[in-house]
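K.L.:
Next up is a structure, given as structure tokens.
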Amino acid sequence: MDAKKVDRIAKRVIQTMVLMIVVLLVLILGYILVTGLSQTKLDFIFKISKAAQAGGGIRDQLFNSLYLLVLALLISVPLSLGAGIYLAEYAPDNWFTRMLKTLIEILSSLPSIVVGLFAYLVLVIKFQIGFSIIAGAMALTFFNLPLLTSNIENAFRNLPDSQREAGLALGLSQWKMIKGILLPRIVPSIITAVILSSGRIFGEAAALIYTSGQSAPILNYANWNPFSPDSPLNIMRPAETLAVHIWKLNSEGLTPDADAISAAASAVLIIVVLLFNISAHYFGEKLEQKLTAKR
Amino acid sequence: MENDVQKQLTSPSKATRENIRGKALTFIIASLIIVLTVAVIGFIAIKGITTFTKDGVNLWDFLTKSNWNPGSIKDGKPEVGAAPMILGSFLVTLLAAVIATPFSLAIGIYMSEYASKKTNKLLRPVLELFTGVPSVVYGFLGLVIIVPMMRTIFGGTGFGILPGAIVLFVMIFPTITSMVVDALTAVPVSYRQAALALGATQWQSIYKIVLRAATPGILTAVIFGMARAFGEALAVQMVIGNSVLMPTSLVSPTATLTSQLTSQIGNTIMGSIQNDALWSLALVLLIMSLFFNLLVKMIARKRKI
Amino acid sequence: MKEKNIIIPDHEVAISTKDMAVYYGEKKALHETRLSFPKYRITALIGASGSAKSTFLRSLNRMNDKVARVTGEINFEGININSSKVNVNELRRRIGMVFQQPNPFAKSIYDNITYALKYQGIKDKQTLDQIVEESLRGAALWDEVKDNLDKSALALSGGQQQRLCIARAIAVKPEILLLDEPASALDPISTAKLEETLMKLRENYTMIMVTHNMQQAARTSDYTAFFHLGEVYEYDHTSNIFQNPQVELTLNYVEGRFG
């Protein structure tokens, strides 16, 4: 066969495969959104879930997901920032730094179920915290820390040295220079990284089934006492999240309308992830423009 | 005699103290990550080897026997044969990678060689979105679409290796593709121009030059995808069937390391042999994850030379 | 002709080096130097690329600490500042620096100047306003930006940015100003304006300036040091360097035979 013919065929084959994938992706997205949003009324977002009968909602699960996300970010963002700053600005080129980097890579590649089981073993069992939001938030932190740290490290590394020199030459301490000059410049990158990691945290389930648990006590949203068991703010209560709920509905098979609720909850998950993605791009570009604006 | 200026120049100031504090603070936080990672590996390793040290299970039996019944004692030893799950994990992973790689290559080549900038601007975010779709959603889709489809085509329950591999394929394919695209676009344009200038067709330049130059990057992408597939728990657990049997076909119910862990760890009592055996599965998972990591490192090192 | 010609200015000295050398790893980038820089004068450091003139300059305020090893003495205010006992943050406040590329912070013009001042503990708004005006006037930028002090510094032109960097440097009232090719990224008009500014600042500041531009050295400086491949070959009054050099290498360089 001559080369020209092969060239044409190859191109055609590749185009066909691309088309197949695009169709597949459209079908997946379409299926979830259509079945998810058509079979249930939107008010299922505000209804409590039911285990053994139809018509349940996802109110508490949705809240739990959001609350866990916030807590996990509250713990992991400062830690990632510290570790990222150390790696980008202070770390000397020696065996310790190399080991640190290797371990961060290892941590980031561990399956989330392994991270979840570790948190279960140490927090839930050894420290006897029990299935609780705080155990879940810690598990999510372990899972989020390595990627966020490398994102932040890279953001610092991408800054030109001229900014560092400008600060140091004025007599600022290195710490003040990092905090006052460099940090504000990478805020857009940090926000983008945090939003993207939020998407991953929001959809994570394997790390949570044995940490924040698989039960959702009915919450009383009027109760703001964080020590009360039905308070939404209580961090010691078990908290099934939206993603865990989808898994549980499908692996137990007790709920008659499990499919409809799962589809609807999946649609909510995907929409939230989509929103995270879009806002990450939007914030990233917007803030970048603002900071480097040539007005 | 020291004057004031000399004194200021030679004594510590606010800045000196800030420097020490800042460096110490960030160093401590960085060290926390070390402690954490070592703790994860250490705890799981210690828990995982008790099956062999305390409960007297033979490592070889654990890896090769297919009777998983940790509660019952046979010939004075508990029956802890993890072969079905180890095999299950490897099969779904390999199969998923085998399906995903050609598609990832096709999209990668399309985006880096054929597509216009506009098309790329559209495809990139779509890939990112699908990378971000939670794995339970894929598991759910597998359960309501793939499993019934398998049942219709092959009969039986519809659960098994094949639906697991299909779900994993959809899950890891965006990740692999993004990395393949990066690897292909990193090949300098001059390589392609050189090939075309010599009279090669576009496909020849892609096949003989671009793909070859990007091979380490493509391999890394595939290994990354496999690592993700190997460690994925819930999506697989929802479609694999969850019975610890040697797979007799691609659509017979079986189990993987992750599916067994997910469905059983809550049903066993800490410290019992049933529980220890599960931690041994977690240890296998951990070792495989370290192995994938090592592979990626080795490719990266080779690339540098 | 002589092999080397290094004078000692008959003038009050602001900063001087004694056998100062710089190493990058094992490589000796700058051989032992002994130079004294007169107070309230502009000294130009000239030489081809790779002559280590920037390396020399950056050693004076210890900006090379992390990248190079500096041996020998640097005497300033009666002490050797090339010592681990010296507080580098305090030192850099007293020896300011302006870089090749304008590097304003991504903050407003006002904040660029007041950032280091606030750090030093000056909080009074009136004092800050006053210093901002003084510094901007000193850097000949006041008239151009006085109505837009809240504007982002990044919105200024390259020449304006560089003068803002000078204003920022003099706002903390250093005794010495080090300038590392401050005009290399600027167009001729901005360069002329910058030189004018430097001539004016000479009344209150000791300045040491690296430059590639020989006309600039001749126009603005009082003394000139000629660097070649990591060694200082000649240091004299600028007029002598350009009209009557004592060293053949200098002659060849100022006549443009290499560079």
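Ordered as shown in the structure tokens, chains take letters A, B, and onward, while each chain numbers its residues from 1 and ligands are numbered from 1 in the order shown.
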Residues near Leu24 (chain A), anyone? I mean within 12 Å using only C-alpha atoms, not counting same-chain ones fewer than 6 positions away, as a list in words.

P.N.:
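Counting only C-alpha atoms, the residues come to Met17, Val18, Gly30 and Tyr31 of chain A; Phe103, Phe130, Phe169, Val170 and Phe173 of chain B.
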
K.L.:
Give me, as a list in words, the contact residues of chain B against chain C at a cut-off of 10 Å, counting only C-alpha atoms.

P.N.:
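The answer, sorted by residue number, is Glu2, Asn3, Val5, Gln6, Lys7, Gln8, Leu9, Thr10, Ser11, Pro12, Ser13, Lys14, Ala15, Thr16 and Asn19 of chain B.
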
K.L.:
Next, the residues of the selection above should be written as a CSV table (one decimal), in the first residue's frame with C-alpha atoms.

P.N.:
chain,number,residue,atom,x,y,z
B,2,GLU,CA,31.0,50.9,68.4
B,3,ASN,CA,28.7,53.7,67.2
B,5,VAL,CA,25.2,52.4,63.0
B,6,GLN,CA,27.7,49.6,63.7
B,7,LYS,CA,25.5,48.3,66.5
B,8,GLN,CA,22.5,48.2,64.3
B,9,LEU,CA,24.4,46.5,61.6
B,10,THR,CA,25.7,43.8,63.8
B,11,SER,CA,22.7,43.0,66.0
B,12,PRO,CA,19.6,41.0,65.2
B,13,SER,CA,16.5,42.9,64.3
B,14,LYS,CA,12.8,42.1,63.7
B,15,ALA,CA,13.7,40.8,60.3
B,16,THR,CA,16.2,38.3,61.7
B,19,ASN,CA,13.5,34.8,59.1

K.L.:
Report as a PyMOL selection string the set of chain A residues whose atoms approach chain C to within 12 Å, with distances computed over only C-alpha atoms.

P.N.:
chain A and resi 89-93+159-177+180-187+288-295

K.L.:
Run DSSP on the backbone and tell me which residues of region 61-187 of chain C come out as helix (DSSP H, G or I); list them as a PyMOL selection string.

P.N.:
chain C and resi 88-94+109-119+125-138+142-145+153-155+158-171

K.L.:
Name all residues at most 12 Å from Leu29 (chain A) (count only C-alpha atoms; drop same-chain ones fewer than 2 positions away) and give them as a PDB file with all heavy atoms, in the first residue's frame.

P.N.:
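Final output, saved to selection.pdb:
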ATOM      1  N   VAL A  22     -16.165  11.301  21.665  1.00  0.00           N
ATOM      2  CA  VAL A  22     -17.010  12.478  21.889  1.00  0.00           C
ATOM      3  C   VAL A  22     -18.455  12.041  22.102  1.00  0.00           C
ATOM      4  O   VAL A  22     -19.131  12.507  23.024  1.00  0.00           O
ATOM      5  CB  VAL A  22     -16.884  13.468  20.710  1.00  0.00           C
ATOM      6  CG1 VAL A  22     -17.942  14.556  20.806  1.00  0.00           C
ATOM      7  CG2 VAL A  22     -15.494  14.086  20.692  1.00  0.00           C
ATOM      8  N   VAL A  23     -18.913  11.101  21.269  1.00  0.00           N
ATOM      9  CA  VAL A  23     -20.282  10.588  21.425  1.00  0.00           C
ATOM     10  C   VAL A  23     -20.451   9.963  22.810  1.00  0.00           C
ATOM     11  O   VAL A  23     -21.424  10.219  23.517  1.00  0.00           O
ATOM     12  CB  VAL A  23     -20.603   9.557  20.309  1.00  0.00           C
ATOM     13  CG1 VAL A  23     -21.908   8.836  20.621  1.00  0.00           C
ATOM     14  CG2 VAL A  23     -20.688  10.267  18.966  1.00  0.00           C
ATOM     15  N   LEU A  24     -19.451   9.172  23.209  1.00  0.00           N
ATOM     16  CA  LEU A  24     -19.517   8.517  24.515  1.00  0.00           C
ATOM     17  C   LEU A  24     -19.637   9.556  25.643  1.00  0.00           C
ATOM     18  O   LEU A  24     -20.487   9.425  26.532  1.00  0.00           O
ATOM     19  CB  LEU A  24     -18.261   7.664  24.726  1.00  0.00           C
ATOM     20  CG  LEU A  24     -18.151   6.963  26.078  1.00  0.00           C
ATOM     21  CD1 LEU A  24     -19.124   5.801  26.146  1.00  0.00           C
ATOM     22  CD2 LEU A  24     -16.729   6.468  26.326  1.00  0.00           C
ATOM     23  N   LEU A  25     -18.803  10.574  25.563  1.00  0.00           N
ATOM     24  CA  LEU A  25     -18.823  11.585  26.618  1.00  0.00           C
ATOM     25  C   LEU A  25     -20.150  12.325  26.644  1.00  0.00           C
ATOM     26  O   LEU A  25     -20.721  12.570  27.713  1.00  0.00           O
ATOM     27  CB  LEU A  25     -17.666  12.575  26.435  1.00  0.00           C
ATOM     28  CG  LEU A  25     -16.253  11.979  26.526  1.00  0.00           C
ATOM     29  CD1 LEU A  25     -15.197  13.073  26.464  1.00  0.00           C
ATOM     30  CD2 LEU A  25     -16.072  11.179  27.812  1.00  0.00           C
ATOM     31  N   VAL A  26     -20.654  12.652  25.448  1.00  0.00           N
ATOM     32  CA  VAL A  26     -21.941  13.349  25.382  1.00  0.00           C
ATOM     33  C   VAL A  26     -23.034  12.461  25.973  1.00  0.00           C
ATOM     34  O   VAL A  26     -23.885  12.923  26.741  1.00  0.00           O
ATOM     35  CB  VAL A  26     -22.276  13.733  23.925  1.00  0.00           C
ATOM     36  CG1 VAL A  26     -23.714  14.221  23.810  1.00  0.00           C
ATOM     37  CG2 VAL A  26     -21.316  14.816  23.446  1.00  0.00           C
ATOM     38  N   LEU A  27     -22.989  11.154  25.633  1.00  0.00           N
ATOM     39  CA  LEU A  27     -23.998  10.231  26.159  1.00  0.00           C
ATOM     40  C   LEU A  27     -23.941  10.165  27.683  1.00  0.00           C
ATOM     41  O   LEU A  27     -24.973  10.203  28.354  1.00  0.00           O
ATOM     42  CB  LEU A  27     -23.788   8.830  25.577  1.00  0.00           C
ATOM     43  CG  LEU A  27     -24.324   8.607  24.160  1.00  0.00           C
ATOM     44  CD1 LEU A  27     -24.047   7.182  23.709  1.00  0.00           C
ATOM     45  CD2 LEU A  27     -25.825   8.907  24.116  1.00  0.00           C
ATOM     46  N   TYR A  31     -26.972  11.365  29.759  1.00  0.00           N
ATOM     47  CA  TYR A  31     -27.722  10.386  30.541  1.00  0.00           C
ATOM     48  C   TYR A  31     -27.909  10.876  31.969  1.00  0.00           C
ATOM     49  O   TYR A  31     -29.024  10.869  32.495  1.00  0.00           O
ATOM     50  CB  TYR A  31     -26.990   9.038  30.544  1.00  0.00           C
ATOM     51  CG  TYR A  31     -27.723   7.989  31.338  1.00  0.00           C
ATOM     52  CD1 TYR A  31     -28.722   7.217  30.746  1.00  0.00           C
ATOM     53  CD2 TYR A  31     -27.442   7.792  32.690  1.00  0.00           C
ATOM     54  CE1 TYR A  31     -29.414   6.271  31.477  1.00  0.00           C
ATOM     55  CE2 TYR A  31     -28.125   6.849  33.436  1.00  0.00           C
ATOM     56  CZ  TYR A  31     -29.115   6.087  32.823  1.00  0.00           C
ATOM     57  OH  TYR A  31     -29.810   5.158  33.545  1.00  0.00           O
ATOM     58  N   ILE A  32     -26.790  11.298  32.575  1.00  0.00           N
ATOM     59  CA  ILE A  32     -26.879  11.723  33.975  1.00  0.00           C
ATOM     60  C   ILE A  32     -27.790  12.931  34.122  1.00  0.00           C
ATOM     61  O   ILE A  32     -28.675  12.967  34.978  1.00  0.00           O
ATOM     62  CB  ILE A  32     -25.486  12.047  34.527  1.00  0.00           C
ATOM     63  CG1 ILE A  32     -24.641  10.791  34.541  1.00  0.00           C
ATOM     64  CG2 ILE A  32     -25.585  12.618  35.942  1.00  0.00           C
ATOM     65  CD1 ILE A  32     -23.210  11.048  34.862  1.00  0.00           C
ATOM     66  N   LEU A  33     -27.556  13.922  33.269  1.00  0.00           N
ATOM     67  CA  LEU A  33     -28.331  15.150  33.436  1.00  0.00           C
ATOM     68  C   LEU A  33     -29.805  14.903  33.123  1.00  0.00           C
ATOM     69  O   LEU A  33     -30.681  15.336  33.876  1.00  0.00           O
ATOM     70  CB  LEU A  33     -27.752  16.256  32.565  1.00  0.00           C
ATOM     71  CG  LEU A  33     -26.343  16.713  32.999  1.00  0.00           C
ATOM     72  CD1 LEU A  33     -25.821  17.810  32.090  1.00  0.00           C
ATOM     73  CD2 LEU A  33     -26.351  17.197  34.451  1.00  0.00           C
ATOM     74  N   VAL A  34     -30.094  14.185  32.042  1.00  0.00           N
ATOM     75  CA  VAL A  34     -31.487  13.981  31.654  1.00  0.00           C
ATOM     76  C   VAL A  34     -32.217  13.101  32.665  1.00  0.00           C
ATOM     77  O   VAL A  34     -33.227  13.508  33.240  1.00  0.00           O
ATOM     78  CB  VAL A  34     -31.587  13.386  30.235  1.00  0.00           C
ATOM     79  CG1 VAL A  34     -33.026  12.968  29.928  1.00  0.00           C
ATOM     80  CG2 VAL A  34     -31.110  14.415  29.215  1.00  0.00           C
ATOM     81  N   THR A  35     -31.660  11.894  32.917  1.00  0.00           N
ATOM     82  CA  THR A  35     -32.372  11.023  33.859  1.00  0.00           C
ATOM     83  C   THR A  35     -32.358  11.630  35.256  1.00  0.00           C
ATOM     84  O   THR A  35     -33.331  11.549  35.982  1.00  0.00           O
ATOM     85  CB  THR A  35     -31.735   9.617  33.939  1.00  0.00           C
ATOM     86  OG1 THR A  35     -30.370   9.787  34.257  1.00  0.00           O
ATOM     87  CG2 THR A  35     -31.888   8.859  32.659  1.00  0.00           C
ATOM     88  N   GLY A  36     -31.232  12.239  35.603  1.00  0.00           N
ATOM     89  CA  GLY A  36     -31.117  12.784  36.954  1.00  0.00           C
ATOM     90  C   GLY A  36     -32.107  13.894  37.212  1.00  0.00           C
ATOM     91  O   GLY A  36     -32.732  13.950  38.268  1.00  0.00           O
ATOM     92  N   LEU A  37     -32.255  14.781  36.223  1.00  0.00           N
ATOM     93  CA  LEU A  37     -33.082  15.951  36.484  1.00  0.00           C
ATOM     94  C   LEU A  37     -34.539  15.733  36.109  1.00  0.00           C
ATOM     95  O   LEU A  37     -35.400  16.516  36.485  1.00  0.00           O
ATOM     96  CB  LEU A  37     -32.507  17.168  35.758  1.00  0.00           C
ATOM     97  CG  LEU A  37     -31.086  17.523  36.205  1.00  0.00           C
ATOM     98  CD1 LEU A  37     -30.549  18.706  35.424  1.00  0.00           C
ATOM     99  CD2 LEU A  37     -31.042  17.811  37.712  1.00  0.00           C
ATOM    100  N   ALA A 263     -29.275   8.897  40.246  1.00  0.00           N
ATOM    101  CA  ALA A 263     -29.101   9.686  39.033  1.00  0.00           C
ATOM    102  C   ALA A 263     -29.174  11.169  39.355  1.00  0.00           C
ATOM    103  O   ALA A 263     -28.358  11.968  38.899  1.00  0.00           O
ATOM    104  CB  ALA A 263     -30.156   9.306  38.006  1.00  0.00           C
ATOM    105  N   SER A 266     -26.131  12.160  41.273  1.00  0.00           N
ATOM    106  CA  SER A 266     -24.995  12.227  40.356  1.00  0.00           C
ATOM    107  C   SER A 266     -25.035  13.517  39.555  1.00  0.00           C
ATOM    108  O   SER A 266     -24.001  14.158  39.328  1.00  0.00           O
ATOM    109  CB  SER A 266     -25.010  11.045  39.387  1.00  0.00           C
ATOM    110  OG  SER A 266     -24.867   9.846  40.099  1.00  0.00           O
ATOM    111  N   ALA A 267     -26.241  13.872  39.111  1.00  0.00           N
ATOM    112  CA  ALA A 267     -26.369  15.113  38.356  1.00  0.00           C
ATOM    113  C   ALA A 267     -25.922  16.295  39.208  1.00  0.00           C
ATOM    114  O   ALA A 267     -25.193  17.169  38.736  1.00  0.00           O
ATOM    115  CB  ALA A 267     -27.817  15.293  37.903  1.00  0.00           C
ATOM    116  N   VAL A 268     -26.345  16.287  40.473  1.00  0.00           N
ATOM    117  CA  VAL A 268     -25.929  17.385  41.362  1.00  0.00           C
ATOM    118  C   VAL A 268     -24.400  17.400  41.501  1.00  0.00           C
ATOM    119  O   VAL A 268     -23.759  18.439  41.377  1.00  0.00           O
ATOM    120  CB  VAL A 268     -26.593  17.242  42.751  1.00  0.00           C
ATOM    121  CG1 VAL A 268     -26.011  18.249  43.724  1.00  0.00           C
ATOM    122  CG2 VAL A 268     -28.099  17.434  42.639  1.00  0.00           C
ATOM    123  N   LEU A 269     -23.819  16.215  41.711  1.00  0.00           N
ATOM    124  CA  LEU A 269     -22.360  16.131  41.840  1.00  0.00           C
ATOM    125  C   LEU A 269     -21.660  16.705  40.614  1.00  0.00           C
ATOM    126  O   LEU A 269     -20.727  17.503  40.713  1.00  0.00           O
ATOM    127  CB  LEU A 269     -21.930  14.667  41.993  1.00  0.00           C
ATOM    128  CG  LEU A 269     -21.764  14.089  43.388  1.00  0.00           C
ATOM    129  CD1 LEU A 269     -21.201  12.684  43.302  1.00  0.00           C
ATOM    130  CD2 LEU A 269     -20.842  14.957  44.219  1.00  0.00           C
ATOM    131  N   ILE A 270     -22.139  16.269  39.443  1.00  0.00           N
ATOM    132  CA  ILE A 270     -21.483  16.711  38.213  1.00  0.00           C
ATOM    133  C   ILE A 270     -21.653  18.204  38.005  1.00  0.00           C
ATOM    134  O   ILE A 270     -20.718  18.902  37.598  1.00  0.00           O
ATOM    135  CB  ILE A 270     -22.043  15.926  37.008  1.00  0.00           C
ATOM    136  CG1 ILE A 270     -21.582  14.489  37.146  1.00  0.00           C
ATOM    137  CG2 ILE A 270     -21.595  16.544  35.694  1.00  0.00           C
ATOM    138  CD1 ILE A 270     -21.375  13.776  35.876  1.00  0.00           C
ATOM    139  N   ILE A 271     -22.830  18.706  38.317  1.00  0.00           N
ATOM    140  CA  ILE A 271     -23.051  20.142  38.158  1.00  0.00           C
ATOM    141  C   ILE A 271     -22.118  20.923  39.086  1.00  0.00           C
ATOM    142  O   ILE A 271     -21.516  21.918  38.686  1.00  0.00           O
ATOM    143  CB  ILE A 271     -24.536  20.495  38.413  1.00  0.00           C
ATOM    144  CG1 ILE A 271     -25.382  19.964  37.250  1.00  0.00           C
ATOM    145  CG2 ILE A 271     -24.714  21.996  38.549  1.00  0.00           C
ATOM    146  CD1 ILE A 271     -26.867  19.994  37.507  1.00  0.00           C
ATOM    147  N   LEU A 274     -18.684  20.768  37.703  1.00  0.00           N
ATOM    148  CA  LEU A 274     -18.649  21.651  36.535  1.00  0.00           C
ATOM    149  C   LEU A 274     -18.522  23.100  36.977  1.00  0.00           C
ATOM    150  O   LEU A 274     -17.703  23.873  36.446  1.00  0.00           O
ATOM    151  CB  LEU A 274     -19.937  21.452  35.729  1.00  0.00           C
ATOM    152  CG  LEU A 274     -19.979  22.086  34.343  1.00  0.00           C
ATOM    153  CD1 LEU A 274     -18.940  21.438  33.452  1.00  0.00           C
ATOM    154  CD2 LEU A 274     -21.361  21.909  33.721  1.00  0.00           C
TER     155      LEU A 274
ATOM    156  N   VAL B 126     -13.264  19.852  28.223  1.00  0.00           N
ATOM    157  CA  VAL B 126     -14.107  18.663  28.301  1.00  0.00           C
ATOM    158  C   VAL B 126     -13.329  17.536  28.971  1.00  0.00           C
ATOM    159  O   VAL B 126     -13.831  16.855  29.859  1.00  0.00           O
ATOM    160  CB  VAL B 126     -14.580  18.244  26.890  1.00  0.00           C
ATOM    161  CG1 VAL B 126     -15.280  16.904  26.944  1.00  0.00           C
ATOM    162  CG2 VAL B 126     -15.509  19.303  26.321  1.00  0.00           C
ATOM    163  N   LEU B 129     -13.104  18.208  32.593  1.00  0.00           N
ATOM    164  CA  LEU B 129     -14.367  17.926  33.277  1.00  0.00           C
ATOM    165  C   LEU B 129     -14.489  16.438  33.555  1.00  0.00           C
ATOM    166  O   LEU B 129     -14.824  16.024  34.663  1.00  0.00           O
ATOM    167  CB  LEU B 129     -15.541  18.409  32.427  1.00  0.00           C
ATOM    168  CG  LEU B 129     -16.914  17.991  32.958  1.00  0.00           C
ATOM    169  CD1 LEU B 129     -17.211  18.706  34.267  1.00  0.00           C
ATOM    170  CD2 LEU B 129     -18.001  18.277  31.957  1.00  0.00           C
ATOM    171  N   PHE B 130     -14.159  15.622  32.557  1.00  0.00           N
ATOM    172  CA  PHE B 130     -14.318  14.185  32.758  1.00  0.00           C
ATOM    173  C   PHE B 130     -13.292  13.614  33.719  1.00  0.00           C
ATOM    174  O   PHE B 130     -13.547  12.615  34.372  1.00  0.00           O
ATOM    175  CB  PHE B 130     -14.327  13.453  31.415  1.00  0.00           C
ATOM    176  CG  PHE B 130     -15.684  13.474  30.791  1.00  0.00           C
ATOM    177  CD1 PHE B 130     -16.056  14.512  29.945  1.00  0.00           C
ATOM    178  CD2 PHE B 130     -16.617  12.515  31.104  1.00  0.00           C
ATOM    179  CE1 PHE B 130     -17.321  14.574  29.413  1.00  0.00           C
ATOM    180  CE2 PHE B 130     -17.891  12.569  30.570  1.00  0.00           C
ATOM    181  CZ  PHE B 130     -18.250  13.597  29.727  1.00  0.00           C
ATOM    182  N   VAL B 133     -15.011  14.017  37.075  1.00  0.00           N
ATOM    183  CA  VAL B 133     -16.261  13.326  37.428  1.00  0.00           C
ATOM    184  C   VAL B 133     -15.969  12.309  38.539  1.00  0.00           C
ATOM    185  O   VAL B 133     -15.065  11.502  38.426  1.00  0.00           O
ATOM    186  CB  VAL B 133     -16.867  12.613  36.200  1.00  0.00           C
ATOM    187  CG1 VAL B 133     -18.024  11.717  36.616  1.00  0.00           C
ATOM    188  CG2 VAL B 133     -17.333  13.630  35.181  1.00  0.00           C
ATOM    189  N   VAL B 137     -19.917   8.171  40.438  1.00  0.00           N
ATOM    190  CA  VAL B 137     -20.831   8.410  39.328  1.00  0.00           C
ATOM    191  C   VAL B 137     -20.556   7.400  38.220  1.00  0.00           C
ATOM    192  O   VAL B 137     -21.485   6.805  37.650  1.00  0.00           O
ATOM    193  CB  VAL B 137     -20.685   9.855  38.812  1.00  0.00           C
ATOM    194  CG1 VAL B 137     -21.515  10.055  37.555  1.00  0.00           C
ATOM    195  CG2 VAL B 137     -21.112  10.849  39.887  1.00  0.00           C
ATOM    196  N   TYR B 138     -19.274   7.166  37.934  1.00  0.00           N
ATOM    197  CA  TYR B 138     -18.939   6.152  36.940  1.00  0.00           C
ATOM    198  C   TYR B 138     -19.419   4.775  37.395  1.00  0.00           C
ATOM    199  O   TYR B 138     -19.923   3.986  36.592  1.00  0.00           O
ATOM    200  CB  TYR B 138     -17.427   6.125  36.691  1.00  0.00           C
ATOM    201  CG  TYR B 138     -16.933   7.307  35.890  1.00  0.00           C
ATOM    202  CD1 TYR B 138     -15.867   8.078  36.333  1.00  0.00           C
ATOM    203  CD2 TYR B 138     -17.526   7.647  34.677  1.00  0.00           C
ATOM    204  CE1 TYR B 138     -15.403   9.156  35.596  1.00  0.00           C
ATOM    205  CE2 TYR B 138     -17.085   8.723  33.931  1.00  0.00           C
ATOM    206  CZ  TYR B 138     -16.014   9.479  34.390  1.00  0.00           C
ATOM    207  OH  TYR B 138     -15.571  10.537  33.669  1.00  0.00           O
ATOM    208  N   LEU B 141     -23.154   4.579  36.839  1.00  0.00           N
ATOM    209  CA  LEU B 141     -23.468   4.383  35.419  1.00  0.00           C
ATOM    210  C   LEU B 141     -23.173   2.948  34.999  1.00  0.00           C
ATOM    211  O   LEU B 141     -23.930   2.335  34.239  1.00  0.00           O
ATOM    212  CB  LEU B 141     -22.652   5.352  34.566  1.00  0.00           C
ATOM    213  CG  LEU B 141     -23.059   6.814  34.650  1.00  0.00           C
ATOM    214  CD1 LEU B 141     -22.114   7.676  33.843  1.00  0.00           C
ATOM    215  CD2 LEU B 141     -24.476   6.993  34.147  1.00  0.00           C
TER     216      LEU B 141
END

K.L.:
Go through A:Ser231, A:Gln128, A:Ser198, A:Ser109 and flag the residue nearest chain B, using only C-alpha atoms for the distances.

P.N.:
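When distances to chain B are compared using only C-alpha atoms, the smallest one comes from A:Ser109.
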
K.L.:
Met236 (chain A): which residues within 12 Å, counting only C-alpha atoms, same-chain residues fewer than 5 positions away excluded, as a list in words?

P.N.:
Leu68, Leu123, Val124, Gln128, Ile129, Gly130, Phe131, Ser132, Ile133, Ile134, Ala135, Gly136, Ala137, Thr211, Ser212, Gly213, Pro217, Pro226, Phe227, Ser228, Pro229, Asp230 and Ser231 of chain A
